[in-house]
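Just below is one structure, and these are the notes that go with it.
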Amino acid sequence: MNTMQNEKLGAISELIKDRRSVRAFKSDPIDTDLITELLNVAVWAPTHGLREPWRFILYKGEARKPLAEAMIRTYTAEEKERLAAQKLDYFMQIPAHLVVVMNEDPRQKQWEEDFACVCCLIQNFQLAAWEVGVGVVWKTNPFIHSPNFREAVGVKPGEKIVGLLHIGYPEQVPAVRPRTDAREKLIIKESV
Ligand SMILES: Cc1cc2nc3c(=O)[nH]c(=O)nc-3n(C[C@H](O)[C@H](O)[C@H](O)COP(=O)(O)O)c2cc1C
């Protein structure tokens with residue numbers, strides 16, 4: 001294996017830096033086989049004890065409507081009045097939505113490890129998607145904690161929704177949001 005010492009960063013580094021969260025999608029359909037292929041890359045995330053504590057629910061076509069309606073039901077009356085129609089249109093315009101569900105281990109150490117690895121899985125998915133021109137945004141809106149929404153998507157007690165991913169071909173790629181140089185947050189302790 002290449003140790004990368006003193007070498008130029010490669011394609012994966014470029015991909016990581018190039019990826020953006022996409023919020024404006026073309027309505028072009030996205031193939032289910034492509035999504036499952038991307039998921040089969042994503043599942044190579046590190047997972048302690050090989051627990052693989054994830055499962056997925058994919059919404060496409062007309063099935064997006066009850067998903068959007070479940071989300072809208074979590075709104076207050078004022079939010080419904082102001083946002084319902086617009087949010088329904090937004091959900092129906094995005095070709096696919098993926099609910100990423102984690103099994104919640106009652107032991108804290110295992111819970112933390114499992115949450116961490118599901119987050120790794122989501123980032124793997126986002127990167128693999130970006131590599132083939134597919135955009136993703138990872139959503140954690142308050143409705144993912146709503147008992148009614150959880151029930152509507154079939155998430156059971158002992159499971160957590162880690163994210164709702166919107167997936168499709170980008171209509172618009174947001175401007176880069178530069179990161180703080182890691183050296184500003186790095187303390188080096190090195191003995192010679
Ligand atoms: C755990 C997590 C939750 C997020 N939740 C949301 C969200 O609810 N809504 C949203 O628009 N973006 C969400 N994002 C995307 C971030 O806003 C995005 O990563 C950030 O603005 C940096 O932009 P970039 O991903 O294009 O570099 C989330 C990202 C993470 C990692």
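A note on labels: chains of the structure tokens are A, B, ... as shown, every chain counts residues from 1, and ligands are counted from 1 in their shown order.
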task = Could the residues that lie within 12 Å of ligand 1, counting only C-alpha atoms and all ligand atoms, be listed as a count of residues only?
result = 47
Those in region 34-105 of chain A with alpha helix (DSSP H) from DSSP, as a ChimeraX atom specification = /A:34-42,64-72,77-93
Mind dumping the selected residues with N, CA and C atoms as a short mmCIF file (atom, residue, chain, number, x, y, z; two decimals), in the first residue's frame?
data_model
loop_
_atom_site.label_atom_id
_atom_site.label_comp_id
_atom_site.auth_asym_id
_atom_site.auth_seq_id
_atom_site.Cartn_x
_atom_site.Cartn_y
_atom_site.Cartn_z
N LEU A 34 -28.77 2.11 -9.66
CA LEU A 34 -27.62 2.99 -9.36
C LEU A 34 -27.59 3.29 -7.86
N ILE A 35 -28.76 3.56 -7.28
CA ILE A 35 -28.80 3.87 -5.84
C ILE A 35 -28.33 2.65 -5.04
N THR A 36 -28.76 1.47 -5.42
CA THR A 36 -28.33 0.28 -4.65
C THR A 36 -26.84 0.02 -4.86
N GLU A 37 -26.35 0.34 -6.06
CA GLU A 37 -24.91 0.19 -6.29
C GLU A 37 -24.12 1.16 -5.39
N LEU A 38 -24.61 2.38 -5.29
CA LEU A 38 -23.94 3.37 -4.42
C LEU A 38 -24.01 2.92 -2.96
N LEU A 39 -25.16 2.35 -2.58
CA LEU A 39 -25.27 1.86 -1.19
C LEU A 39 -24.29 0.71 -0.95
N ASN A 40 -24.08 -0.10 -1.99
CA ASN A 40 -23.14 -1.22 -1.81
C ASN A 40 -21.68 -0.77 -1.79
N VAL A 41 -21.43 0.47 -2.19
CA VAL A 41 -20.11 1.08 -1.92
C VAL A 41 -20.11 1.60 -0.48
N ALA A 42 -21.19 2.30 -0.14
CA ALA A 42 -21.28 2.96 1.17
C ALA A 42 -21.13 1.98 2.32
N ARG A 64 -43.36 9.05 -2.88
CA ARG A 64 -42.80 10.27 -2.27
C ARG A 64 -43.90 11.10 -1.61
N LYS A 65 -45.13 10.96 -2.13
CA LYS A 65 -46.21 11.83 -1.63
C LYS A 65 -46.55 11.52 -0.16
N PRO A 66 -46.82 10.24 0.18
CA PRO A 66 -47.08 9.99 1.60
C PRO A 66 -45.90 10.35 2.51
N LEU A 67 -44.67 10.26 1.98
CA LEU A 67 -43.51 10.67 2.79
C LEU A 67 -43.60 12.17 3.06
N ALA A 68 -43.85 12.95 2.01
CA ALA A 68 -43.96 14.41 2.17
C ALA A 68 -45.13 14.75 3.11
N GLU A 69 -46.23 14.03 2.94
CA GLU A 69 -47.41 14.31 3.78
C GLU A 69 -47.11 13.99 5.25
N ALA A 70 -46.35 12.92 5.47
CA ALA A 70 -45.97 12.58 6.86
C ALA A 70 -45.13 13.69 7.47
N MET A 71 -44.24 14.25 6.65
CA MET A 71 -43.40 15.35 7.14
C MET A 71 -44.27 16.58 7.42
N ILE A 72 -45.20 16.87 6.51
CA ILE A 72 -46.04 18.06 6.65
C ILE A 72 -46.94 17.94 7.89
N ALA A 77 -49.84 24.51 12.71
CA ALA A 77 -50.88 25.01 11.80
C ALA A 77 -50.33 26.16 10.95
N GLU A 78 -49.57 27.01 11.60
CA GLU A 78 -49.01 28.18 10.88
C GLU A 78 -48.02 27.73 9.80
N GLU A 79 -47.19 26.74 10.14
CA GLU A 79 -46.21 26.23 9.15
C GLU A 79 -46.92 25.54 7.98
N LYS A 80 -47.99 24.81 8.33
CA LYS A 80 -48.76 24.13 7.27
C LYS A 80 -49.29 25.16 6.28
N GLU A 81 -49.87 26.19 6.84
CA GLU A 81 -50.45 27.27 6.02
C GLU A 81 -49.40 27.87 5.09
N ARG A 82 -48.21 28.11 5.66
CA ARG A 82 -47.16 28.83 4.94
C ARG A 82 -46.36 27.93 4.01
N LEU A 83 -46.13 26.65 4.45
CA LEU A 83 -45.11 25.85 3.77
C LEU A 83 -45.61 24.58 3.07
N ALA A 84 -46.81 24.10 3.44
CA ALA A 84 -47.21 22.75 3.00
C ALA A 84 -47.12 22.56 1.48
N ALA A 85 -47.73 23.47 0.73
CA ALA A 85 -47.79 23.30 -0.73
C ALA A 85 -46.39 23.31 -1.33
N GLN A 86 -45.59 24.25 -0.86
CA GLN A 86 -44.22 24.41 -1.37
C GLN A 86 -43.36 23.17 -1.04
N LYS A 87 -43.51 22.66 0.18
CA LYS A 87 -42.71 21.49 0.59
C LYS A 87 -43.15 20.23 -0.17
N LEU A 88 -44.46 20.11 -0.39
CA LEU A 88 -44.95 18.95 -1.15
C LEU A 88 -44.36 18.98 -2.56
N ASP A 89 -44.39 20.16 -3.18
CA ASP A 89 -43.80 20.30 -4.53
C ASP A 89 -42.31 19.95 -4.51
N TYR A 90 -41.61 20.45 -3.50
CA TYR A 90 -40.16 20.20 -3.41
C TYR A 90 -39.88 18.70 -3.31
N PHE A 91 -40.63 18.03 -2.43
CA PHE A 91 -40.42 16.58 -2.25
C PHE A 91 -40.74 15.81 -3.53
N MET A 92 -41.79 16.24 -4.23
CA MET A 92 -42.22 15.51 -5.43
C MET A 92 -41.30 15.79 -6.61
N GLN A 93 -40.55 16.87 -6.52
CA GLN A 93 -39.66 17.24 -7.64
C GLN A 93 -38.31 16.53 -7.52
#
key: Minimum-distance residue to Tyr169 (chain A), chosen among A:Leu9, A:Ile94, A:Leu58, A:Leu50 (using only C-alpha atoms)   =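 Among A:Leu9, A:Ile94, A:Leu58, A:Leu50, it is A:Ile94 that comes nearest to Tyr169 (chain A).
Proximity of A:Ala11, A:Val153, A:Ala129, A:Ile30 to Ile57 (chain A), computed with only C-alpha atoms, is greatest for A:Val153.
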message = Report as a list in words all protein, DNA and RNA residues lying within 6 Å of Gly168 (chain A), evaluated on only C-alpha atoms, omitting residues in the same chain fewer than 3 positions from it.
response =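 These residues fall inside the cut-off: Phe25, Pro95, Val134 and Gly135 of chain A.
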inquiry  = Could you go through region 7-187 of chain A and tell me which residues DSSP, when run on the backbone, assigns to strand (DSSP E), listing them as a PyMOL selection string?
reply    = chain A and resi 24-25+54-60+96-103+135-139+159-168+170-172
message = Just checking: using only C-alpha atoms, which residue out of A:Ala96, A:Ala63, A:Val101, A:Cys117 ends up closest to Gly154 (chain A)?
response = A:Val101
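Here CA of Phe149 (chain A) and CA of Ile167 (chain A) stand 19.7 Å from one another.
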query = What is the distance between CA of Asp105 (chain A) and CA of Gly158 (chain A), in Å to one decimal?
reply =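 Between CA of Asp105 (chain A) and CA of Gly158 (chain A) the gap is 7.5 Å.
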query = With only C-alpha atoms as the basis for distance, which of A:Glu184, A:Glu190, A:Glu131, A:Arg150 is at the shortest distance from Glu14 (chain A)?
reply =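 Closest to Glu14 (chain A) of all the choices is A:Glu131.
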